[in-house]
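Have a look at query_4.txt; it's compact mmCIF, C-alpha atoms and all ligand atoms:
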# COMPACT_ATOMS: atom_id res chain seq x y z
CA MET A 1 88.93 86.72 90.03
CA THR A 2 89.66 90.38 89.21
CA PRO A 3 92.38 91.92 86.97
CA LEU A 4 94.41 92.61 90.16
CA CYS A 5 94.17 88.91 91.13
CA LYS A 6 95.74 88.07 87.75
CA GLN A 7 98.42 90.72 88.24
CA LEU A 8 99.32 89.37 91.70
CA GLY A 9 99.00 85.72 90.63
CA ILE A 10 96.30 84.88 93.19
CA GLU A 11 93.06 82.96 92.69
CA VAL A 12 90.68 84.82 95.00
CA PRO A 13 90.46 88.55 95.82
CA ILE A 14 91.46 88.11 99.47
CA ILE A 15 94.62 89.54 101.02
CA GLN A 16 95.56 88.57 104.56
CA ALA A 17 96.84 91.87 105.95
CA PRO A 18 100.48 92.16 106.93
CA MET A 19 100.53 92.51 110.73
CA ALA A 20 103.81 93.44 112.36
CA GLY A 21 104.70 92.21 115.82
CA GLY A 22 104.73 88.44 115.36
CA ILE A 23 101.14 87.78 114.27
CA THR A 24 102.04 86.92 110.68
CA THR A 25 103.97 83.67 110.98
CA PRO A 26 105.37 81.73 107.97
CA GLU A 27 102.63 79.14 108.66
CA LEU A 28 99.83 81.75 108.44
CA VAL A 29 101.20 83.48 105.34
CA ALA A 30 101.85 80.19 103.52
CA ALA A 31 98.42 78.76 104.45
CA VAL A 32 96.60 81.81 103.07
CA SER A 33 98.64 81.77 99.85
CA GLU A 34 98.15 78.01 99.46
CA ALA A 35 94.39 78.58 99.85
CA GLY A 36 94.48 80.95 96.85
CA GLY A 37 94.61 84.34 98.62
CA LEU A 38 97.67 86.49 99.27
CA GLY A 39 99.36 85.86 102.61
CA SER A 40 101.47 88.83 103.74
CA PHE A 41 104.15 89.38 106.34
CA GLY A 42 104.30 92.42 108.60
CA LEU A 43 108.06 92.93 108.92
CA ALA A 44 108.08 96.53 110.20
CA TYR A 45 109.74 95.59 113.49
CA THR A 46 112.05 92.95 111.98
CA GLN A 47 115.77 93.61 111.50
CA PRO A 48 116.95 93.39 107.86
CA GLU A 49 119.05 90.24 108.50
CA ALA A 50 116.02 88.36 109.84
CA MET A 51 113.75 89.48 106.96
CA GLN A 52 115.49 87.22 104.45
CA ARG A 53 115.05 84.18 106.73
CA THR A 54 111.33 84.92 107.00
CA ALA A 55 110.93 84.94 103.23
CA GLU A 56 112.83 81.65 102.97
CA ALA A 57 110.54 80.12 105.60
CA VAL A 58 107.51 80.95 103.44
CA ARG A 59 109.18 79.83 100.21
CA SER A 60 109.90 76.44 101.81
CA ARG A 61 106.15 76.04 102.50
CA THR A 62 104.53 77.36 99.33
CA ARG A 63 105.40 78.23 95.75
CA LYS A 64 102.43 80.58 95.59
CA PRO A 65 102.85 84.39 95.69
CA PHE A 66 103.09 86.15 99.07
CA GLY A 67 103.64 89.72 100.25
CA VAL A 68 105.95 91.50 102.66
CA ASN A 69 105.31 94.86 104.28
CA ILE A 70 107.25 97.45 106.26
CA PHE A 71 106.58 100.92 107.60
CA VAL A 72 108.16 103.70 105.56
CA CYS A 73 107.69 106.79 107.67
CA GLU A 74 109.55 109.51 109.51
CA ASN A 75 110.64 108.23 112.89
CA ALA A 76 111.32 110.42 115.93
CA GLY A 77 114.89 111.65 116.33
CA ALA A 78 116.90 111.22 119.54
CA ILE A 79 115.00 112.24 122.69
CA GLU A 80 116.90 113.29 125.79
CA PRO A 81 116.32 110.98 128.80
CA SER A 82 115.04 113.96 130.82
CA GLU A 83 112.31 114.53 128.19
CA GLN A 84 111.22 110.90 128.48
CA ARG A 85 110.67 111.04 132.26
CA GLY A 86 106.93 111.87 132.34
CA ALA A 87 106.00 109.14 129.86
CA LEU A 88 108.20 106.57 131.63
CA ASP A 89 106.71 107.43 135.01
CA ALA A 90 103.19 106.94 133.59
CA LEU A 91 104.18 103.39 132.54
CA ALA A 92 105.95 102.43 135.77
CA PRO A 93 102.87 101.08 137.68
CA TYR A 94 102.10 98.65 134.84
CA PHE A 95 105.68 97.38 134.79
CA ASP A 96 105.43 96.96 138.59
CA ALA A 97 102.15 95.05 138.23
CA LEU A 98 103.84 92.48 135.98
CA GLY A 99 106.97 92.27 138.15
CA LEU A 100 109.12 93.90 135.45
CA LYS A 101 112.07 96.24 135.94
CA ARG A 102 110.79 99.81 135.47
CA PRO A 103 111.41 101.18 131.95
CA GLU A 104 114.55 103.19 131.35
CA ALA A 105 114.96 106.01 128.84
CA ALA A 106 115.04 104.52 125.34
CA LYS A 107 118.18 105.05 123.29
CA PRO A 108 118.23 105.33 119.49
CA PRO A 109 117.89 103.54 117.17
CA TYR A 110 114.29 103.00 118.29
CA ALA A 111 113.33 100.83 115.31
CA PRO A 112 115.03 98.97 112.43
CA ASP A 113 116.66 101.15 109.76
CA GLN A 114 114.08 101.57 106.99
CA ASN A 115 116.69 102.04 104.24
CA ALA A 116 118.36 98.79 105.23
CA GLN A 117 114.93 97.11 105.30
CA LEU A 118 114.22 98.38 101.77
CA GLU A 119 117.59 97.01 100.63
CA ALA A 120 116.70 93.65 102.23
CA ILE A 121 113.46 93.66 100.25
CA GLU A 122 115.39 94.39 97.03
CA THR A 123 117.55 91.33 97.73
CA MET A 124 114.59 89.19 98.78
CA ARG A 125 112.49 90.09 95.71
CA PRO A 126 109.17 89.01 97.22
CA PRO A 127 106.31 88.61 94.72
CA VAL A 128 104.49 91.53 96.41
CA PHE A 129 105.73 94.41 98.57
CA THR A 130 103.50 96.91 100.37
CA PHE A 131 104.42 99.86 102.55
CA HIS A 132 102.47 101.52 105.33
CA LEU A 133 102.41 104.80 107.32
CA GLY A 134 104.11 106.80 104.57
CA HIS A 135 105.51 106.36 101.09
CA ALA A 136 108.54 104.62 99.64
CA PRO A 137 110.68 106.82 97.35
CA ALA A 138 109.76 106.66 93.62
CA ASP A 139 113.20 105.30 92.61
CA ARG A 140 112.87 102.42 95.11
CA ILE A 141 109.39 101.62 93.79
CA ARG A 142 110.69 101.69 90.20
CA GLY A 143 113.69 99.51 91.12
CA LEU A 144 111.51 96.90 92.82
CA ARG A 145 109.03 96.82 89.94
CA GLU A 146 111.94 96.32 87.50
CA LYS A 147 112.86 93.25 89.56
CA GLY A 148 109.33 91.90 89.04
CA VAL A 149 107.97 92.86 92.49
CA LYS A 150 104.38 94.18 92.53
CA VAL A 151 104.28 97.25 94.78
CA GLY A 152 101.36 98.68 96.78
CA GLY A 153 100.89 101.32 99.46
CA SER A 154 98.21 102.37 101.97
CA ALA A 155 96.10 105.51 101.59
CA THR A 156 93.47 106.91 103.95
CA CYS A 157 92.43 109.92 101.84
CA VAL A 158 92.25 110.85 98.17
CA ALA A 159 95.39 113.04 98.35
CA GLU A 160 97.47 110.09 99.61
CA ALA A 161 96.05 107.79 96.92
CA ARG A 162 96.87 110.29 94.16
CA HIS A 163 100.35 110.77 95.58
CA LEU A 164 100.98 107.00 95.65
CA GLU A 165 99.77 106.70 92.07
CA SER A 166 102.18 109.48 91.02
CA LEU A 167 105.04 107.51 92.65
CA GLY A 168 104.26 104.56 90.34
CA VAL A 169 102.71 101.90 92.60
CA ASP A 170 100.89 98.92 91.05
CA PHE A 171 97.94 99.13 93.46
CA ILE A 172 96.61 101.14 96.38
CA ILE A 173 95.12 99.88 99.64
CA ALA A 174 92.27 102.22 100.61
CA GLN A 175 92.13 101.90 104.39
CA GLY A 176 88.97 103.02 106.15
CA ALA A 177 88.66 104.35 109.70
CA GLU A 178 87.17 101.00 110.83
CA ALA A 179 90.55 99.29 110.37
CA GLY A 180 92.30 97.52 113.22
CA GLY A 181 95.87 98.46 114.18
CA HIS A 182 97.71 101.47 112.73
CA ARG A 183 96.30 103.36 109.79
CA GLY A 184 98.55 104.59 107.01
CA THR A 185 97.72 108.31 107.14
CA TYR A 186 100.79 110.36 106.22
CA LEU A 187 99.66 113.57 104.50
CA ARG A 188 97.02 114.65 107.02
CA ASP A 189 96.38 114.72 110.73
CA PRO A 190 95.29 111.08 111.34
CA TYR A 191 92.28 112.29 113.33
CA GLU A 192 91.13 114.33 110.32
CA ALA A 193 91.46 111.41 107.91
CA MET A 194 88.75 109.22 109.43
CA THR A 195 86.77 108.39 106.29
CA GLY A 196 85.04 105.01 106.56
CA THR A 197 85.79 102.06 104.26
CA LEU A 198 82.63 102.45 102.18
CA ALA A 199 83.38 106.09 101.37
CA ILE A 200 87.18 105.90 101.01
CA THR A 201 87.03 102.85 98.74
CA ARG A 202 84.64 104.58 96.37
CA LEU A 203 86.53 107.89 96.49
CA VAL A 204 89.87 106.24 95.74
CA VAL A 205 88.42 104.01 92.99
CA ARG A 206 87.12 107.18 91.31
CA ALA A 207 90.33 109.16 91.89
CA VAL A 208 93.03 106.81 90.54
CA LYS A 209 93.54 104.51 87.55
CA VAL A 210 95.51 101.78 89.37
CA PRO A 211 93.62 98.89 91.06
CA VAL A 212 92.31 99.50 94.58
CA VAL A 213 92.22 97.08 97.52
CA ALA A 214 89.74 97.90 100.30
CA ALA A 215 90.61 97.45 103.98
CA GLY A 216 88.87 98.12 107.27
CA GLY A 217 86.04 96.28 109.02
CA ILE A 218 85.80 93.50 106.40
CA MET A 219 85.32 90.17 108.20
CA ASP A 220 83.16 87.98 105.95
CA GLY A 221 82.05 87.37 102.37
CA ALA A 222 79.27 89.97 102.56
CA GLY A 223 81.92 92.60 103.34
CA ILE A 224 84.11 91.36 100.48
CA ALA A 225 81.16 91.45 98.04
CA ALA A 226 80.34 94.97 99.25
CA VAL A 227 83.80 96.37 98.47
CA LEU A 228 83.91 94.52 95.12
CA ALA A 229 80.63 96.32 94.34
CA LEU A 230 82.33 99.61 95.18
CA GLY A 231 84.99 98.90 92.57
CA ALA A 232 87.74 97.43 94.76
CA GLN A 233 89.60 94.53 93.13
CA ALA A 234 90.41 92.75 96.40
CA ALA A 235 89.77 93.03 100.13
CA GLN A 236 92.55 93.15 102.74
CA LEU A 237 91.49 91.60 106.07
CA GLY A 238 93.53 91.93 109.25
CA THR A 239 91.40 91.27 112.34
CA ALA A 240 89.69 88.27 110.72
CA PHE A 241 93.04 86.43 110.49
CA VAL A 242 94.30 87.25 114.01
CA PRO A 243 92.44 84.34 115.75
CA CYS A 244 93.52 81.76 113.13
CA THR A 245 95.30 78.68 114.44
CA GLU A 246 98.48 79.60 112.52
CA SER A 247 98.55 83.23 113.72
CA GLY A 248 101.28 84.20 116.19
CA ALA A 249 98.92 86.45 118.20
CA SER A 250 98.88 85.73 121.92
CA ALA A 251 96.14 83.50 123.33
CA ALA A 252 94.80 86.51 125.27
CA HIS A 253 94.54 88.62 122.10
CA LYS A 254 92.79 85.82 120.18
CA ALA A 255 90.38 85.19 123.08
CA ALA A 256 89.49 88.90 123.35
CA LEU A 257 88.59 89.03 119.64
CA ILE A 258 86.47 85.88 119.81
CA ALA A 259 84.68 87.13 122.95
CA ALA A 260 83.77 90.53 121.43
CA GLU A 261 80.01 91.00 121.13
CA ASP A 262 79.96 94.62 120.04
CA ASP A 263 82.38 97.20 118.69
CA THR A 264 84.22 98.31 121.83
CA THR A 265 87.30 99.45 119.92
CA LEU A 266 88.85 102.90 120.19
CA ILE A 267 91.98 104.58 118.90
CA THR A 268 94.98 104.97 121.19
CA GLU A 269 98.52 106.33 120.83
CA LYS A 270 99.59 104.99 124.21
CA PHE A 271 101.05 101.68 123.04
CA SER A 272 103.16 102.79 120.07
CA GLY A 273 103.07 106.59 119.90
CA LYS A 274 100.91 106.51 116.72
CA PRO A 275 97.13 106.18 116.63
CA ALA A 276 95.99 102.56 116.33
CA ARG A 277 92.62 100.86 116.87
CA GLY A 278 92.13 98.15 119.48
CA ILE A 279 89.60 96.76 121.95
CA VAL A 280 89.48 99.09 124.95
CA ASN A 281 91.10 97.60 128.05
CA ARG A 282 92.30 98.87 131.42
CA TYR A 283 95.60 100.23 130.02
CA MET A 284 93.84 102.20 127.26
CA ARG A 285 91.29 103.64 129.70
CA GLU A 286 93.74 104.59 132.44
CA MET A 287 96.40 105.93 130.07
CA ALA A 288 94.01 108.09 128.03
CA ASP A 289 95.33 111.40 129.43
CA ALA A 290 98.85 110.26 130.34
CA PRO A 291 101.92 111.62 128.50
CA HIS A 292 103.48 109.40 125.84
CA LEU A 293 106.54 109.40 123.61
CA PRO A 294 106.38 109.70 119.81
CA PHE A 295 106.39 106.68 117.47
CA PRO A 296 108.37 104.45 117.48
CA VAL A 297 109.89 105.35 120.87
CA GLN A 298 106.72 104.59 122.85
CA ASN A 299 106.49 101.31 120.94
CA SER A 300 109.99 100.28 121.93
CA VAL A 301 109.45 101.36 125.58
CA THR A 302 106.15 99.44 125.94
CA GLN A 303 107.45 96.33 124.12
CA PRO A 304 108.57 94.45 127.29
CA LEU A 305 105.25 95.31 128.97
CA ARG A 306 103.20 93.97 126.06
CA ALA A 307 105.37 90.86 125.78
CA ALA A 308 105.05 90.11 129.52
CA ALA A 309 101.28 90.75 129.49
CA ALA A 310 100.91 88.37 126.52
CA LYS A 311 102.93 85.70 128.33
CA ALA A 312 100.88 86.12 131.51
CA GLY A 313 97.60 86.05 129.57
CA ASN A 314 96.83 89.53 130.92
CA ALA A 315 94.48 91.19 128.40
CA ASP A 316 94.31 94.36 130.55
CA LEU A 317 97.84 95.44 129.63
CA LEU A 318 98.11 94.13 126.09
CA SER A 319 97.49 95.88 122.77
CA LEU A 320 94.31 94.16 121.55
CA TRP A 321 94.45 95.50 117.98
CA ALA A 322 91.11 94.96 116.25
CA GLY A 323 88.86 96.60 113.67
CA GLN A 324 85.31 97.75 114.29
CA ALA A 325 83.69 94.56 112.94
CA VAL A 326 85.56 92.41 115.50
CA PRO A 327 82.39 90.65 116.77
CA LEU A 328 82.40 88.77 113.45
CA ALA A 329 85.75 87.13 114.34
CA ARG A 330 85.84 83.33 114.30
CA SER A 331 88.28 80.60 115.32
CA SER A 332 89.48 78.40 112.50
CA SER A 333 92.49 77.49 110.45
CA ALA A 334 93.54 79.98 107.78
CA ALA A 335 92.58 77.56 104.99
CA GLU A 336 89.09 77.12 106.50
CA LEU A 337 88.72 80.89 106.84
CA VAL A 338 89.71 81.58 103.21
CA ALA A 339 87.35 78.81 102.01
CA ALA A 340 84.48 80.21 104.11
CA LEU A 341 85.15 83.76 102.89
CA CYS A 342 85.05 82.59 99.26
CA GLU A 343 81.81 80.67 99.77
CA GLU A 344 80.19 83.62 101.55
CA THR A 345 81.33 86.03 98.82
CA ARG A 346 79.77 83.80 96.14
CA GLU A 347 76.53 83.59 98.15
CA ALA A 348 76.41 87.36 98.68
CA LEU A 349 77.05 88.06 94.98
CA ALA A 350 74.37 85.52 93.97
CA ARG A 351 71.88 87.03 96.42
CA LEU A 352 72.53 90.50 95.02
CA GLY A 353 72.26 89.15 91.46
CA GLN A 354 68.66 88.13 92.18
CA LEU A 355 67.60 91.57 93.35
CA ARG A 356 65.57 93.68 90.98
CA VAL A 357 65.92 97.43 91.34
C1 LIG B 1 97.02 93.39 114.62
C2 LIG B 1 97.14 94.26 113.41
C3 LIG B 1 98.41 94.65 112.98
C4 LIG B 1 98.55 95.38 111.80
N1 LIG B 1 99.80 95.68 111.33
C5 LIG B 1 99.94 96.22 110.09
C6 LIG B 1 101.21 96.30 109.47
O1 LIG B 1 102.25 95.92 110.04
N2 LIG B 1 101.28 96.81 108.21
C7 LIG B 1 100.16 97.23 107.53
O2 LIG B 1 100.26 97.64 106.38
N3 LIG B 1 98.94 97.15 108.10
C8 LIG B 1 98.80 96.66 109.35
N4 LIG B 1 97.56 96.54 109.90
C9 LIG B 1 96.39 97.10 109.19
C10 LIG B 1 95.90 96.14 108.10
O3 LIG B 1 96.73 96.23 106.97
C11 LIG B 1 94.47 96.45 107.62
O4 LIG B 1 94.42 97.75 107.10
C12 LIG B 1 93.43 96.33 108.72
O5 LIG B 1 93.63 95.16 109.47
C13 LIG B 1 92.05 96.29 108.09
O6 LIG B 1 91.05 96.36 109.06
P1 LIG B 1 90.46 95.07 109.81
O7 LIG B 1 91.44 94.77 110.89
O8 LIG B 1 89.15 95.54 110.31
O9 LIG B 1 90.38 93.96 108.79
C14 LIG B 1 97.39 95.81 111.09
C15 LIG B 1 96.13 95.44 111.55
C16 LIG B 1 95.98 94.66 112.70
C17 LIG B 1 94.61 94.26 113.14
Is it possible to express this structure as structure tokens?
Ligand SMILES: Cc1cc2nc3c(=O)[nH]c(=O)nc-3n(C[C@H](O)[C@H](O)[C@H](O)COP(=O)(O)O)c2cc1C
Amino acid sequence: MTPLCKQLGIEVPIIQAPMAGGITTPELVAAVSEAGGLGSFGLAYTQPEAMQRTAEAVRSRTRKPFGVNIFVCENAGAIEPSEQRGALDALAPYFDALGLKRPEAAKPPYAPDQNAQLEAIETMRPPVFTFHLGHAPADRIRGLREKGVKVGGSATCVAEARHLESLGVDFIIAQGAEAGGHRGTYLRDPYEAMTGTLAITRLVVRAVKVPVVAAGGIMDGAGIAAVLALGAQAAQLGTAFVPCTESGASAAHKAALIAAEDDTTLITEKFSGKPARGIVNRYMREMADAPHLPFPVQNSVTQPLRAAAAKAGNADLLSLWAGQAVPLARSSSAAELVAALCEETREALARLGQLRV
């Protein structure tokens, strides 16, 4: 139990990362919260009308606190169909391979309206709200906090953490380069903000006064104990929760994580248009030098491909988002995972307590 746990109303310093794209189901979020951690919803790709229903689905399963998360970032403006041609042509063979109609030029809006999503969150008043890939405006953060919502944001460098603190957030998620999926870099070139979890956690803890949550490559209690030692007040785990029974990840995605024996992850922009870490597969290898559209246009264009690959159990054409410690992934229910993580954290802390230095 840390001061942040008290602030968020949770019993153990474990946050199940919000993961947009259907992984974070009401069952997963509620199970983690019921187990004493903080379950969180990734709602970045969810339309505002559907966001409220999702919150109700969790509230019907647990009275414990939970979090919701969206992307607050600059999205690409309208792109002429002629300018999309090269990127669409590069995708065509994969659509053919799955028997799908070849992709057509995407038309705006390419993603849900972020202002409308923020308004939905104001109405929903979730216990915790976090934003990713950018920053929410200070007046929105203030408004949500006045409604009793605890607000956090992701930082991948000290400048971002200081900026978030100046905007008035309650806590900051320091996200290391090991992290699976998209990283929240917004003030720097993402490829120049590749500080690992150990370093970024410590740097951010020293740079800001608000509580820090560490994320990236944390898969077991030893990892949680390590970031607590660095001064983090909780750990946010994404990849570890993807294979859980209650997770909405495809069977092929779950199987790829469980089968991993080494870190074979790399960063690609070819699925969404923004850099994100996943297990290397045929699509990532072959598309490495192909043209792509900016975020979120590439994401919307590849959506049918990823959905069809998931349905067909084809891990070659699917985004297999995972962090660098993926070989530590295990199959279990979310409650079993949270219980195991707590036990391992206690063991790691006890082991360290016996060391004499
Ligand atoms: C499949 C997947 C999807 C993710 N989607 C989101 C998201 O929607 N919002 C967000 O803030 N973070 C997202 N993340 C990043 C997590 O918040 C967290 O930083 C990351 O999972 C930590 O690294 P780990 O995967 O090694 O635990 C995602 C991560 C994964 C693995």
Might I get the box with edges along x, y and z of the file that holds all atoms of ligand LIG 1 (chain B) listed there, padded by 5 Å on every side, given as centre and edge lengths in Å to one decimal, as AutoDock Vina command-line options?
--center_x 95.7 --center_y 95.6 --center_z 110.5 --size_x 23.1 --size_y 14.4 --size_z 18.2
Non-local contacts of Arg202 of chain A (7 Å; all atoms listed in the file; under 4 positions in same chain excluded) as an MDAnalysis selection string: chainID A and resid 198 206 230:231
So which residues are near ligand LIG 1 (chain B), meaning at most 7 Å away with all atoms listed in the file counted, given back as number ranges by chain? A: 17-20, 23, 42-44, 69-71, 130-132, 154, 175, 178-183, 215-219, 236-240, 242, 321-325
Output the selection as a PDB file, in the frame of the given file - C-alpha atoms for each residue.
ATOM      1  CA  ALA A  17      96.840  91.870 105.950  1.00  0.00           C
ATOM      2  CA  PRO A  18     100.480  92.160 106.930  1.00  0.00           C
ATOM      3  CA  MET A  19     100.530  92.510 110.730  1.00  0.00           C
ATOM      4  CA  ALA A  20     103.810  93.440 112.360  1.00  0.00           C
ATOM      5  CA  ILE A  23     101.140  87.780 114.270  1.00  0.00           C
ATOM      6  CA  GLY A  42     104.300  92.420 108.600  1.00  0.00           C
ATOM      7  CA  LEU A  43     108.060  92.930 108.920  1.00  0.00           C
ATOM      8  CA  ALA A  44     108.080  96.530 110.200  1.00  0.00           C
ATOM      9  CA  ASN A  69     105.310  94.860 104.280  1.00  0.00           C
ATOM     10  CA  ILE A  70     107.250  97.450 106.260  1.00  0.00           C
ATOM     11  CA  PHE A  71     106.580 100.920 107.600  1.00  0.00           C
ATOM     12  CA  THR A 130     103.500  96.910 100.370  1.00  0.00           C
ATOM     13  CA  PHE A 131     104.420  99.860 102.550  1.00  0.00           C
ATOM     14  CA  HIS A 132     102.470 101.520 105.330  1.00  0.00           C
ATOM     15  CA  SER A 154      98.210 102.370 101.970  1.00  0.00           C
ATOM     16  CA  GLN A 175      92.130 101.900 104.390  1.00  0.00           C
ATOM     17  CA  GLU A 178      87.170 101.000 110.830  1.00  0.00           C
ATOM     18  CA  ALA A 179      90.550  99.290 110.370  1.00  0.00           C
ATOM     19  CA  GLY A 180      92.300  97.520 113.220  1.00  0.00           C
ATOM     20  CA  GLY A 181      95.870  98.460 114.180  1.00  0.00           C
ATOM     21  CA  HIS A 182      97.710 101.470 112.730  1.00  0.00           C
ATOM     22  CA  ARG A 183      96.300 103.360 109.790  1.00  0.00           C
ATOM     23  CA  ALA A 215      90.610  97.450 103.980  1.00  0.00           C
ATOM     24  CA  GLY A 216      88.870  98.120 107.270  1.00  0.00           C
ATOM     25  CA  GLY A 217      86.040  96.280 109.020  1.00  0.00           C
ATOM     26  CA  ILE A 218      85.800  93.500 106.400  1.00  0.00           C
ATOM     27  CA  MET A 219      85.320  90.170 108.200  1.00  0.00           C
ATOM     28  CA  GLN A 236      92.550  93.150 102.740  1.00  0.00           C
ATOM     29  CA  LEU A 237      91.490  91.600 106.070  1.00  0.00           C
ATOM     30  CA  GLY A 238      93.530  91.930 109.250  1.00  0.00           C
ATOM     31  CA  THR A 239      91.400  91.270 112.340  1.00  0.00           C
ATOM     32  CA  ALA A 240      89.690  88.270 110.720  1.00  0.00           C
ATOM     33  CA  VAL A 242      94.300  87.250 114.010  1.00  0.00           C
ATOM     34  CA  TRP A 321      94.450  95.500 117.980  1.00  0.00           C
ATOM     35  CA  ALA A 322      91.110  94.960 116.250  1.00  0.00           C
ATOM     36  CA  GLY A 323      88.860  96.600 113.670  1.00  0.00           C
ATOM     37  CA  GLN A 324      85.310  97.750 114.290  1.00  0.00           C
ATOM     38  CA  ALA A 325      83.690  94.560 112.940  1.00  0.00           C
TER      39      ALA A 325
END
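Excluding segment 262-275 of chain A itself and same-chain residues fewer than 2 positions from it, the residues having an atom within 6 Å of it are Ala260, Arg277, Gly278, Ile279, Val280, Leu293, Pro294, Phe295, Gln298, Asn299, Gln324 and Pro327 of chain A, counting only C-alpha atoms.
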Report as a list of chain:residue names all protein, DNA and RNA residues lying within 10 Å of Ala97 of chain A, evaluated on only C-alpha atoms, omitting residues in the same chain fewer than 3 positions from it. A:Ala92, A:Pro93, A:Tyr94, A:Leu100, A:Leu305, A:Ala309, A:Leu317
